[in-house]
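Asks: I am sharing query.cif, which consists of mmCIF, C-alpha atoms:
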```cif
data_structure
#
loop_
_atom_site.label_atom_id
_atom_site.label_comp_id
_atom_site.auth_asym_id
_atom_site.auth_seq_id
_atom_site.Cartn_x
_atom_site.Cartn_y
_atom_site.Cartn_z
CA MET M 1 99.31 82.92 -68.33
CA ARG M 2 97.89 79.41 -68.17
CA TRP M 3 99.58 76.52 -69.91
CA ALA M 4 98.13 73.04 -70.33
CA THR M 5 99.69 69.68 -70.93
CA ARG M 6 98.92 66.01 -70.52
CA ALA M 7 98.82 64.60 -66.99
CA GLY M 8 101.55 62.16 -65.94
CA VAL M 9 104.40 64.47 -66.93
CA HIS M 10 107.62 62.98 -68.20
CA VAL M 11 110.95 64.48 -69.18
CA ASP M 12 109.86 66.49 -72.25
CA ARG M 13 106.91 68.14 -70.51
CA ALA M 14 108.94 68.75 -67.34
CA ALA M 15 111.71 70.38 -69.38
CA CYS M 16 109.17 72.50 -71.29
CA ALA M 17 107.51 73.69 -68.08
CA TRP M 18 110.91 74.69 -66.70
CA LEU M 19 111.73 76.48 -69.96
CA VAL M 20 108.43 78.37 -69.96
CA ARG M 21 108.80 79.50 -66.35
CA ARG M 22 112.41 80.51 -66.66
CA PHE M 23 112.58 82.02 -70.15
CA VAL M 24 109.08 82.76 -71.41
CA ASP M 25 106.53 83.42 -68.67
CA ALA M 26 107.73 83.76 -65.08
CA ASP M 27 104.15 83.65 -63.75
CA ALA M 28 103.15 80.56 -65.72
CA ASP M 29 100.40 78.39 -64.24
CA PHE M 30 100.26 74.78 -65.36
CA VAL M 31 97.11 72.70 -65.81
CA PHE M 32 97.24 68.94 -66.36
CA VAL M 33 94.58 67.25 -68.46
CA ASP M 34 93.83 63.69 -69.53
CA ASP M 35 92.37 64.56 -72.91
CA PRO M 36 93.14 67.41 -75.34
CA ASP M 37 89.44 68.34 -75.22
CA GLU M 38 89.81 69.30 -71.56
CA VAL M 39 92.31 72.10 -72.22
CA PRO M 40 90.80 75.31 -70.76
CA ALA M 41 90.02 77.97 -73.37
CA ASP M 42 92.50 80.47 -71.91
CA ALA M 43 95.41 78.00 -71.68
CA THR M 44 98.22 77.39 -74.18
CA PRO M 45 98.50 73.65 -74.79
CA PHE M 46 101.86 71.94 -75.25
CA ASP M 47 103.18 68.43 -75.83
CA MET M 48 99.80 67.13 -76.98
CA ARG M 49 98.64 65.74 -80.29
CA GLY M 50 97.62 68.27 -82.88
CA VAL M 51 98.90 71.44 -81.21
CA GLU M 52 101.57 73.88 -82.38
CA LEU M 53 103.89 73.44 -79.37
CA SER M 54 104.43 69.71 -79.73
CA HIS M 55 106.46 67.08 -81.55
CA HIS M 56 107.20 68.12 -85.14
CA ASP M 57 109.53 66.69 -87.76
CA ASP M 58 111.46 64.42 -85.40
CA HIS M 59 111.77 67.18 -82.81
CA CYS M 60 110.54 66.78 -79.28
CA THR M 61 108.40 69.56 -77.80
CA PHE M 62 111.34 71.16 -75.99
CA GLU M 63 113.09 71.63 -79.34
CA THR M 64 109.89 72.94 -80.93
CA MET M 65 109.52 75.50 -78.11
CA LEU M 66 113.09 76.73 -78.54
CA SER M 67 112.45 77.26 -82.26
CA ARG M 68 109.00 78.82 -81.88
CA PHE M 69 110.09 81.18 -79.11
CA GLY M 70 113.30 82.09 -80.94
CA LEU M 71 115.49 81.02 -78.02
CA ASP M 72 118.93 80.66 -79.53
CA ASP M 73 120.95 80.31 -76.32
CA PRO M 74 123.46 77.51 -77.15
CA VAL M 75 123.16 76.17 -73.59
CA LEU M 76 119.43 75.57 -74.15
CA TRP M 77 120.16 73.73 -77.40
CA ASP M 78 122.69 71.61 -75.54
CA LEU M 79 119.94 70.76 -73.02
CA ALA M 80 117.66 70.01 -75.98
CA ARG M 81 120.11 67.32 -77.10
CA ILE M 82 119.77 65.62 -73.71
CA VAL M 83 115.99 66.06 -73.44
CA HIS M 84 115.52 64.75 -77.00
CA GLU M 85 117.40 61.54 -76.27
CA ALA M 86 115.79 61.10 -72.84
CA ASP M 87 112.37 61.43 -74.48
CA LEU M 88 112.85 59.72 -77.84
CA ALA M 89 116.03 57.62 -77.54
CA ASP M 90 116.40 57.63 -81.32
CA ASP M 91 120.21 57.97 -81.29
CA ARG M 92 120.01 61.23 -83.20
CA PHE M 93 122.38 62.81 -80.67
CA ASP M 94 125.19 61.59 -78.48
CA ALA M 95 123.74 62.20 -75.01
CA PRO M 96 125.02 59.80 -72.37
CA GLU M 97 123.20 61.89 -69.74
CA ALA M 98 119.83 61.05 -71.27
CA ALA M 99 119.35 57.52 -69.94
CA GLY M 100 119.79 58.71 -66.35
CA LEU M 101 117.51 61.71 -66.82
CA ASP M 102 114.81 59.47 -68.29
CA VAL M 103 114.92 57.08 -65.34
CA ILE M 104 114.92 59.89 -62.75
CA CYS M 105 111.88 61.56 -64.34
CA ARG M 106 110.02 58.25 -64.58
CA GLY M 107 110.75 57.52 -60.95
CA LEU M 108 109.61 60.97 -59.81
CA SER M 109 106.31 60.60 -61.63
CA MET M 110 105.74 57.37 -59.69
CA VAL M 111 105.98 59.05 -56.30
CA LEU M 112 104.89 62.66 -56.87
CA ALA M 113 101.88 64.50 -58.27
CA ASP M 114 102.44 66.43 -61.50
CA ALA M 115 102.79 69.85 -59.84
CA GLN M 116 105.38 68.44 -57.43
CA VAL M 117 107.25 66.77 -60.28
CA LEU M 118 107.56 70.20 -61.92
CA ALA M 119 108.83 71.72 -58.66
CA VAL M 120 111.53 69.06 -58.26
CA THR M 121 112.54 68.87 -61.91
CA GLY M 122 112.65 72.69 -62.00
CA SER M 123 115.64 72.63 -59.66
CA MET M 124 117.05 69.71 -61.58
CA PHE M 125 116.94 71.58 -64.88
CA ASP M 126 118.37 74.71 -63.20
CA GLY M 127 121.33 72.55 -62.20
CA LEU M 128 121.60 70.86 -65.56
CA TYR M 129 121.51 74.26 -67.30
CA GLU M 130 124.30 75.59 -65.07
CA HIS M 131 126.38 72.46 -65.61
CA ARG M 132 126.05 72.66 -69.40
CA ARG M 133 126.67 76.45 -69.34
CA ARG M 134 129.97 75.95 -67.56
CA ALA M 135 130.84 72.99 -69.78
CA LEU M 136 130.34 75.11 -72.90
CA LEU M 137 132.43 77.95 -71.45
CA LEU M 138 135.25 75.63 -70.37
CA GLY M 139 135.12 73.36 -73.40
CA ARG M 140 135.05 70.37 -71.04
CA ASP M 141 132.87 69.03 -68.23
CA PRO M 142 133.25 71.21 -65.11
CA ALA M 143 134.67 69.55 -62.02
CA MET D 144 97.37 49.78 -78.15
CA LEU D 145 96.71 49.60 -81.85
CA LEU D 146 97.78 51.98 -84.55
CA ALA D 147 95.85 51.73 -87.81
CA TYR D 148 97.54 53.73 -90.51
CA ARG D 149 97.70 54.29 -94.20
CA LEU D 150 100.30 56.30 -96.08
CA PRO D 151 100.32 57.35 -99.72
CA ARG D 152 102.39 55.00 -101.90
CA GLU D 153 104.56 57.90 -103.04
CA PRO D 154 106.75 59.45 -101.76
CA SER D 155 108.22 56.36 -100.16
CA ALA D 156 110.50 58.13 -97.67
CA PRO D 157 107.81 58.69 -95.00
CA ARG D 158 106.72 55.05 -95.33
CA VAL D 159 110.25 53.89 -94.64
CA THR D 160 110.70 56.35 -91.75
CA VAL D 161 107.45 55.28 -90.11
CA TRP D 162 108.27 51.61 -90.61
CA ARG D 163 111.71 52.06 -89.01
CA LYS D 164 110.23 53.90 -86.05
CA LEU D 165 107.59 51.23 -85.55
CA ARG D 166 110.30 48.61 -85.59
CA ARG D 167 112.30 50.49 -82.99
CA LEU D 168 109.23 50.66 -80.75
CA GLY D 169 108.91 46.89 -81.00
CA VAL D 170 105.42 46.74 -82.51
CA THR D 171 104.01 43.54 -83.86
CA GLN D 172 102.23 43.84 -87.19
CA LEU D 173 98.77 42.26 -87.21
CA VAL D 174 97.90 42.94 -90.84
CA ASP D 175 99.08 45.55 -93.33
CA GLY D 176 98.72 48.96 -91.71
CA LEU D 177 97.71 47.66 -88.28
CA VAL D 178 100.31 47.30 -85.55
CA ALA D 179 100.05 46.54 -81.84
CA LEU D 180 101.98 47.30 -78.65
CA PRO D 181 101.14 46.50 -75.02
CA ALA D 182 99.32 49.53 -73.57
CA ASP D 183 101.10 51.81 -71.12
CA ALA D 184 101.62 55.55 -70.82
CA ARG D 185 104.80 55.43 -72.85
CA THR D 186 103.64 53.23 -75.73
CA ARG D 187 100.45 55.23 -76.00
CA GLU D 188 102.40 58.46 -76.31
CA GLN D 189 104.78 56.98 -78.86
CA LEU D 190 102.00 55.64 -81.07
CA GLU D 191 100.18 58.98 -80.85
CA TRP D 192 103.28 60.88 -82.03
CA LEU D 193 103.66 58.42 -84.89
CA ALA D 194 100.00 58.84 -85.78
CA ASP D 195 100.59 62.59 -86.02
CA GLU D 196 103.58 61.97 -88.23
CA VAL D 197 101.52 59.78 -90.56
CA VAL D 198 98.85 62.50 -90.78
CA ASP D 199 101.54 65.14 -91.46
CA ALA D 200 102.72 62.98 -94.36
CA ASP D 201 99.21 63.11 -95.88
CA GLY D 202 98.28 59.70 -94.50
CA GLU D 203 95.51 58.54 -92.19
CA ALA D 204 96.05 57.18 -88.69
CA THR D 205 93.96 56.26 -85.69
CA VAL D 206 95.09 55.02 -82.29
CA TRP D 207 92.95 52.42 -80.55
CA LEU D 208 92.81 50.84 -77.13
CA GLY D 209 91.87 47.24 -77.72
CA ARG D 210 91.51 43.98 -75.85
CA LEU D 211 91.88 40.51 -77.33
CA GLY D 212 88.89 38.20 -77.18
CA SER D 213 90.59 35.45 -75.20
CA ALA D 214 93.55 34.82 -72.92
CA ALA D 215 94.88 32.28 -75.42
CA GLN D 216 95.06 34.91 -78.16
CA GLU D 217 96.72 37.28 -75.74
CA ARG D 218 99.36 34.66 -74.90
CA ALA D 219 99.93 33.93 -78.58
CA LEU D 220 100.52 37.63 -79.31
CA ALA D 221 102.87 38.02 -76.35
CA ARG D 222 104.69 34.91 -77.51
CA ARG D 223 105.09 36.33 -80.99
CA MET D 224 106.55 39.55 -79.60
CA ALA D 225 108.87 37.60 -77.30
CA ASP D 226 110.05 35.45 -80.21
CA ALA D 227 110.90 38.55 -82.22
CA VAL D 228 113.19 40.02 -79.54
CA ALA D 229 114.60 36.55 -78.77
CA VAL D 230 116.19 36.59 -82.24
CA ASP D 231 117.81 39.96 -81.48
CA TYR D 232 119.11 38.72 -78.12
CA ALA D 233 120.51 35.57 -79.73
CA ALA D 234 122.41 37.72 -82.25
CA VAL D 235 123.97 39.73 -79.39
CA ALA D 236 124.97 36.55 -77.56
CA SER D 237 126.60 35.09 -80.65
CA ASP D 238 128.44 38.39 -81.35
CA ALA D 239 129.72 38.37 -77.77
CA GLU D 240 130.93 34.79 -78.06
CA ALA D 241 132.57 35.43 -81.43
CA ALA D 242 134.41 38.45 -79.98
CA ALA D 243 136.18 36.34 -77.34
CA SER D 244 139.11 35.77 -79.69
CA GLU D 245 139.48 39.48 -80.63
CA PRO D 246 142.40 41.53 -79.30
CA ASP D 247 141.81 43.44 -76.06
CA VAL D 248 141.08 46.84 -77.68
CA ALA D 249 138.56 45.36 -80.09
CA ARG D 250 136.87 43.42 -77.28
CA ARG D 251 136.41 46.60 -75.26
CA ARG D 252 134.73 48.29 -78.25
CA THR D 253 132.54 45.27 -78.83
CA VAL D 254 131.45 45.27 -75.18
CA ALA D 255 130.44 48.93 -75.42
CA ARG D 256 128.54 48.34 -78.66
CA LEU D 257 126.73 45.26 -77.38
CA ARG D 258 125.75 46.96 -74.11
CA ARG D 259 124.17 49.78 -76.12
CA GLU D 260 122.45 47.22 -78.31
CA LEU D 261 121.08 45.44 -75.23
CA GLN D 262 119.68 48.76 -74.00
CA ARG D 263 117.97 49.32 -77.33
CA ILE D 264 116.52 45.82 -77.37
CA GLY D 265 115.43 46.22 -73.75
CA ARG D 266 113.32 49.23 -74.70
CA ARG D 267 111.26 47.16 -77.13
CA ASP D 268 111.20 44.01 -74.99
CA PHE D 269 107.77 43.79 -73.35
CA PHE D 270 107.72 40.04 -72.68
CA PRO D 271 111.32 39.06 -71.86
CA PRO D 272 112.24 35.70 -73.40
CA PRO D 273 114.80 33.31 -71.82
CA GLU D 274 117.36 34.49 -74.41
CA ARG D 275 117.48 37.84 -72.61
CA ASP D 276 119.50 36.47 -69.69
CA GLY D 277 121.73 34.52 -72.06
CA ALA D 278 122.62 37.66 -74.01
CA HIS D 279 123.29 39.72 -70.88
CA THR D 280 125.44 36.96 -69.42
CA ALA D 281 127.42 36.57 -72.65
CA VAL D 282 128.17 40.32 -72.81
CA GLU D 283 129.16 40.56 -69.16
CA ARG D 284 131.34 37.47 -69.54
CA LEU D 285 133.10 39.17 -72.44
CA ALA D 286 133.39 42.38 -70.38
CA ALA D 287 135.12 40.43 -67.61
CA THR D 288 137.91 39.50 -70.04
CA VAL D 289 138.64 43.14 -70.95
CA SER D 290 141.46 44.73 -68.97
CA VAL D 291 140.67 48.10 -67.37
CA PRO D 292 142.51 50.85 -69.28
#
```
Transcribe the structure of this file into structure tokens.

Replies:
Amino acid sequence: MRWATRAGVHVDRAACAWLVRRFVDADADFVFVDDPDEVPADATPFDMRGVELSHHDDHCTFETMLSRFGLDDPVLWDLARIVHEADLADDRFDAPEAAGLDVICRGLSMVLADAQVLAVTGSMFDGLYEHRRRALLLGRDPA
Amino acid sequence: MLLAYRLPREPSAPRVTVWRKLRRLGVTQLVDGLVALPADARTREQLEWLADEVVDADGEATVWLGRLGSAAQERALARRMADAVAVDYAAVASDAEAAASEPDVARRRTVARLRRELQRIGRRDFFPPPERDGAHTAVERLAATVSVP
């Protein structure tokens, strides 16, 4: 399936793309557009104004996707806490990891094209997922 | 970047929420229902999400890319935004100075709180005023007096 989002991906879109590929559509193809009108007819848009898979009611798009796709894995919701703060920084959650994640994603988008950003952040979110999975199992941060 | 918006008078909750969010973004209000931020990818995105929120609350909102008619007006607007954050920085500096006489444990908590506050101010500081350095220096000076646990 094709998925479309705004060009110049940042943390929320990178996290969503990782989520889609890993939990929703393993063969996902991503298209980056500058304007919502440029979304190809066969693509599912996300993290853009006026679409279903986007910010809603104080939720970032990653949180919206978890709800809409019925993903109730507690590890994913723990990642959502971090992505939310990295994206919105509204102090809704305690997420000390967020500031670092925000800076890393901003830096990557300065030196890489969008498709490459997704490749790099894909591994990053794999690692973050594993770290939070172990943390939830152990009840503390893994060594 | 300009956001022109209008929200119904009632209910008042969305009005307050939107106003708080605008404040956190560091907008400057030009007239009622028209606010401005320097244009970059991040501010554009943030104003667009807020515009959606206004529309969801049965209001009207449009996001504009605008340019001021003269460099003097541009400087005046930047100055106004700098003055607004300068007040916030000055408050942090005076809190840091007032905390110097607190006991060690309280000073450590104050340092943590003020560092977070500086981060929050930094996110809405587009034209750093001289007070910025003063506030950072005051907090780090206070931090230097806290013993490592």

Asks: Which residues, written as JSON, numbers by chain, have at least one atom at most 10 Å from M:His55, with all atoms listed in the file counted and residues fewer than 2 positions away on the same chain left out?

Replies: {"M": [12, 46, 47, 48, 49, 50, 51, 52, 53, 57, 58, 59, 60, 61, 62, 63, 64, 65], "D": [192, 193, 195, 196]}

Asks: Within 12 Å of chain M, which residues of chain D come that close, and what is the closest atom pair and distance in Å for each? Count all atoms listed in the file and give it as JSON lines.

Replies:
```
{"residue": "D:Pro157", "atom": "CA", "partner": "M:Asp57", "partner_atom": "CA", "distance": 10.9}
{"residue": "D:Thr160", "atom": "CA", "partner": "M:Asp58", "partner_atom": "CA", "distance": 10.3}
{"residue": "D:Val161", "atom": "CA", "partner": "M:Asp58", "partner_atom": "CA", "distance": 11.0}
{"residue": "D:Arg163", "atom": "CA", "partner": "M:Asp90", "partner_atom": "CA", "distance": 10.6}
{"residue": "D:Lys164", "atom": "CA", "partner": "M:Asp90", "partner_atom": "CA", "distance": 8.6}
{"residue": "D:Leu165", "atom": "CA", "partner": "M:Asp90", "partner_atom": "CA", "distance": 11.7}
{"residue": "D:Arg166", "atom": "CA", "partner": "M:Asp90", "partner_atom": "CA", "distance": 11.7}
{"residue": "D:Arg167", "atom": "CA", "partner": "M:Asp90", "partner_atom": "CA", "distance": 8.4}
{"residue": "D:Leu168", "atom": "CA", "partner": "M:Asp90", "partner_atom": "CA", "distance": 10.0}
{"residue": "D:Asp183", "atom": "CA", "partner": "M:Gly8", "partner_atom": "CA", "distance": 11.6}
{"residue": "D:Ala184", "atom": "CA", "partner": "M:Gly8", "partner_atom": "CA", "distance": 8.2}
{"residue": "D:Arg185", "atom": "CA", "partner": "M:His10", "partner_atom": "CA", "distance": 9.3}
{"residue": "D:Thr186", "atom": "CA", "partner": "M:Leu88", "partner_atom": "CA", "distance": 11.5}
{"residue": "D:Arg187", "atom": "CA", "partner": "M:Arg49", "partner_atom": "CA", "distance": 11.5}
{"residue": "D:Glu188", "atom": "CA", "partner": "M:Met48", "partner_atom": "CA", "distance": 9.1}
{"residue": "D:Gln189", "atom": "CA", "partner": "M:Leu88", "partner_atom": "CA", "distance": 8.6}
{"residue": "D:Leu190", "atom": "CA", "partner": "M:Arg49", "partner_atom": "CA", "distance": 10.7}
{"residue": "D:Glu191", "atom": "CA", "partner": "M:Arg49", "partner_atom": "CA", "distance": 7.0}
{"residue": "D:Trp192", "atom": "CA", "partner": "M:Arg49", "partner_atom": "CA", "distance": 6.9}
{"residue": "D:Leu193", "atom": "CA", "partner": "M:His55", "partner_atom": "CA", "distance": 9.7}
{"residue": "D:Ala194", "atom": "CA", "partner": "M:Arg49", "partner_atom": "CA", "distance": 8.9}
{"residue": "D:Asp195", "atom": "CA", "partner": "M:Arg49", "partner_atom": "CA", "distance": 6.8}
{"residue": "D:Glu196", "atom": "CA", "partner": "M:Asp57", "partner_atom": "CA", "distance": 7.6}
{"residue": "D:Val197", "atom": "CA", "partner": "M:Asp57", "partner_atom": "CA", "distance": 10.9}
{"residue": "D:Val198", "atom": "CA", "partner": "M:Gly50", "partner_atom": "CA", "distance": 9.9}
{"residue": "D:Asp199", "atom": "CA", "partner": "M:Asp57", "partner_atom": "CA", "distance": 8.9}
{"residue": "D:Ala200", "atom": "CA", "partner": "M:Asp57", "partner_atom": "CA", "distance": 10.2}
{"residue": "D:Thr205", "atom": "CA", "partner": "M:Arg49", "partner_atom": "CA", "distance": 11.9}
{"residue": "D:Val206", "atom": "CA", "partner": "M:Arg49", "partner_atom": "CA", "distance": 11.5}
{"residue": "D:Arg259", "atom": "CA", "partner": "M:Asp91", "partner_atom": "CA", "distance": 10.5}
{"residue": "D:Glu260", "atom": "CA", "partner": "M:Asp91", "partner_atom": "CA", "distance": 11.4}
{"residue": "D:Gln262", "atom": "CA", "partner": "M:Ala99", "partner_atom": "CA", "distance": 9.7}
{"residue": "D:Arg263", "atom": "CA", "partner": "M:Ala89", "partner_atom": "CA", "distance": 8.5}
{"residue": "D:Ile264", "atom": "CA", "partner": "M:Ala89", "partner_atom": "CA", "distance": 11.8}
{"residue": "D:Arg266", "atom": "CA", "partner": "M:Ala89", "partner_atom": "CA", "distance": 9.3}
{"residue": "D:Arg267", "atom": "CA", "partner": "M:Ala89", "partner_atom": "CA", "distance": 11.5}
```

Asks: Starting from the PyMOL selection byres ((chain M and resi 66) around 12), expand the selection into actual residues of this file and give them as a PyMOL selection string.

Replies: chain M and resi 15-16+19-20+23-24+53-54+59-65+67-81

Asks: What lies within 12 Å of stretch 119-123 of chain M using all atoms listed in the file, ignoring chain neighbours under 6 positions off, as an MDAnalysis selection string?

Replies: chainID M and resid 9:22 30 101:102 104:109 111:113 129:130
